[in-house]
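Peer 1: Can you keep this structure in mind? I'll have questions shortly.
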Amino acid sequence: MTAKQKPTRGKERDGSPPLEVAPPVASVLNTLSDEDRELLDKVRVETPDFVDHPEFHERGAEAALFGSVAELAAAGPPRFAALGPVDSRDGGGKSGLPTLTAAQERKLFMQLNYARMRVGRIVEAHASKRLTGLATRQLLAWNHRVLELRATIVRLNVPLVLAMAKRTRLVSMDYNELISEGNMALLRSVDKFDCGRGFKFSTYSCRAILKAFSRVAMRASRYRGRFPAEFDPALEQDNYIEEKRDTIEEDCVDELKSILVKNLADLTDVERTVIRERFALAAPDPDTAAPKTLEQVGSIIGVTKERVRQIQNKALRKIRTALEDRYLAA
């Protein structure tokens with residue numbers, strides 16, 4: 001496959017369905033962390049794309065790209081040694097990030113796509129088969145290397161999104177939405193960029209970011225065409241439920257007062273006193289009056305607070321029965 005060909009995904013090149021491998025045995029899974037198990041479940045059914053290159057198939061390609069052949073420890077987390085920071089003479093200016101030369105940038109993308117190719121090879125070798133313990137550790141180690149390299153490339157190129165957002169000058173657009181769309185476009189660009197064509201990554205990604213901004217502006221324009229008024233969160237708040245609840249509470253209080261005044265529940269004088277004092281129904285304004293505690297009501301009628309609680313519960317049962325009878329009669 002030449003450097004000008006499109007990214008491939010394992011055996012999807014010939015139109016066959018995506019490869020899927022069976023998980024390893026339980027004894028192997030138990031040695032993995034939750035993060036590794038989640039990553040393994042994803043990569044078993046979603047083999048990452050990679051841009052192939054003739055150098056990947058030469059003898060000693062891995063050592064040429066990474067400086068040495070990656071060695072996997074027999075025990076511990078399935079990780080290769082960290083690649084270390086990107087070496088650059090330029091401090092990066094205002095962003096504080098190093099500015100990569102064309103050779104450094106090409107090496108990073110070659111390493112990224114080689115690691116993805118190794119993931120694809122392991123998946124292809126175990127298609128419709130169960131992963132062995134060694135293959136599982138190698139698959140996870142190469143995947144973590146892919147994530148490390150991808151994160152490095154994205155981190156070094158995030159200032160492109162900010163620069164393009166300032167360049168567009170879409171004052172009518174939400175700045176945070178622009179940045180979000182630009183970041184997603186940057187991630188897609190990293191996955192699809194072909195360094196073998198000889199162009200800088202910024203040339204490819206800036207165009208993709210600007211196109212993403214254009215799509216956001218078109219969506220916003222269509223929205224404003226349908227909804228000319230500016231969005232006001234206060235207008236979106238619906239307090240119907242709160243108003244309905246307040247209305248029901250007022251009706252219940254009025255119903256309870258009616259039952260007490262007319263004594264429809266056949267309450268004794270003591271029970272009526274307890275209910276009025278406990279729920280502040282005797283006050284001129286029950287909304288502002290504070291209900292009395294069991295102990296305070298007990299001091300009024302001369303009993304203990306436990307006896308007040310018993311009287312209250314008995315009175316409430318009578319009131320509930322009266323309410324049910326009235327509703328059934330209605």
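Going by the structure tokens order, chains are called A, B, ..., each with residues numbered from 1, while ligands are numbered from 1 in the order shown.
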Please provide the set of residues having any atom within 12 Å of Val308 in chain A, restricted to only C-alpha atoms, with same-chain residues fewer than 4 positions apart removed, written as a list in words.

Peer 2: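 Returned residues: Val270, Glu271, Arg272, Thr273, Val274, Ile275, Glu277, Arg278, Lys292, Thr293, Leu294, Glu295, Gln296, Val297, Gly298, Ser299, Ile300, Ile301, Gly302, Val303, Thr304, Gln312, Asn313, Lys314 and Ala315 of chain A.
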
Peer 1: Only C-alpha atoms, please: the residues just picked out, written as a tab-separated table (two decimals), in the first residue's frame.

Peer 2:
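Listed below is the output, part-v8.tsv:
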```tsv
chain	number	residue	atom	x	y	z
A	270	VAL	CA	-58.10	17.33	72.67
A	271	GLU	CA	-57.54	15.90	69.17
A	272	ARG	CA	-58.71	19.14	67.52
A	273	THR	CA	-56.37	21.14	69.74
A	274	VAL	CA	-53.42	18.91	68.91
A	275	ILE	CA	-54.02	19.17	65.14
A	277	GLU	CA	-51.34	23.54	67.26
A	278	ARG	CA	-49.16	20.97	65.50
A	292	LYS	CA	-45.41	23.71	67.52
A	293	THR	CA	-43.36	20.73	68.52
A	294	LEU	CA	-44.75	17.67	70.29
A	295	GLU	CA	-43.26	18.90	73.55
A	296	GLN	CA	-44.80	22.37	73.19
A	297	VAL	CA	-48.24	20.91	72.44
A	298	GLY	CA	-47.85	18.54	75.40
A	299	SER	CA	-47.27	21.46	77.74
A	300	ILE	CA	-50.50	23.05	76.48
A	301	ILE	CA	-52.75	20.03	77.10
A	302	GLY	CA	-50.73	18.67	80.03
A	303	VAL	CA	-49.41	15.36	78.63
A	304	THR	CA	-46.09	13.98	77.47
A	312	GLN	CA	-51.97	13.18	66.59
A	313	ASN	CA	-51.75	9.89	64.71
A	314	LYS	CA	-55.22	8.86	65.83
A	315	ALA	CA	-56.67	12.22	64.76
```

Peer 1: Give me, as an NGL selection string, all polymer residues having an atom no more than 10 Å from Lys200 in chain A, counting only C-alpha atoms and skipping those fewer than 3 positions away in the same chain.

Peer 2: :A and (101-103 or 105-106 or 193-195 or 197 or 203-205)

Peer 1: With C-alpha atoms retained, could you export that selection as a PDB file, in the first residue's frame?

Peer 2:
```pdb
ATOM      1  CA  THR A 101       9.865  20.622  12.790  1.00  0.00           C
ATOM      2  CA  ALA A 102       8.558  18.780   9.745  1.00  0.00           C
ATOM      3  CA  ALA A 103      10.775  15.785  10.597  1.00  0.00           C
ATOM      4  CA  GLU A 105       5.970  15.895  13.163  1.00  0.00           C
ATOM      5  CA  ARG A 106       6.400  13.162  10.565  1.00  0.00           C
ATOM      6  CA  PHE A 193      -3.713  12.740   8.392  1.00  0.00           C
ATOM      7  CA  ASP A 194      -1.250  11.134   5.966  1.00  0.00           C
ATOM      8  CA  CYS A 195       2.242  12.445   6.652  1.00  0.00           C
ATOM      9  CA  ARG A 197       2.079  13.244   1.272  1.00  0.00           C
ATOM     10  CA  THR A 203      -2.128  22.800   6.603  1.00  0.00           C
ATOM     11  CA  TYR A 204      -4.517  19.840   6.772  1.00  0.00           C
ATOM     12  CA  SER A 205      -6.018  20.414  10.208  1.00  0.00           C
TER      13      SER A 205
END
```

Peer 1: For Pro24 in chain A, which residue out of A:Gly133, A:Ala63, A:Ala81, A:Ser128 is the nearest one, using only C-alpha atoms?

Peer 2: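 Among the listed residues, A:Gly133 lies closest to Pro24 in chain A.
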
Peer 1: For His126 in chain A, which residue out of A:Leu40, A:Leu72, A:Ala322, A:Val21 is the nearest one, using only C-alpha atoms?

Peer 2: A:Val21

Peer 1: Restricting the calculation to only C-alpha atoms, which member of A:Val25, A:Asp266, A:Leu281, A:Phe80 is positioned closest to Arg130 in chain A?

Peer 2: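 Closest candidate: A:Val25.
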
Peer 1: Using only C-alpha atoms, determine which residues lie at most 9 Å from Arg118 in chain A, disregarding the query and same-chain residues fewer than 6 positions distant; provide the list as a PDB file with N, CA and C atoms, in the first residue's frame.

Peer 2:
```pdb
ATOM      1  N   LEU A 139      -1.736  -6.366  22.967  1.00  0.00           N
ATOM      2  CA  LEU A 139      -2.791  -5.545  22.388  1.00  0.00           C
ATOM      3  C   LEU A 139      -3.041  -4.302  23.240  1.00  0.00           C
ATOM      4  N   TRP A 142       0.094  -1.814  23.039  1.00  0.00           N
ATOM      5  CA  TRP A 142       0.112  -1.012  21.812  1.00  0.00           C
ATOM      6  C   TRP A 142      -1.016   0.001  21.807  1.00  0.00           C
ATOM      7  N   ASN A 143      -2.154  -0.352  22.376  1.00  0.00           N
ATOM      8  CA  ASN A 143      -3.254   0.602  22.446  1.00  0.00           C
ATOM      9  C   ASN A 143      -2.911   1.782  23.340  1.00  0.00           C
TER      10      ASN A 143
END
```
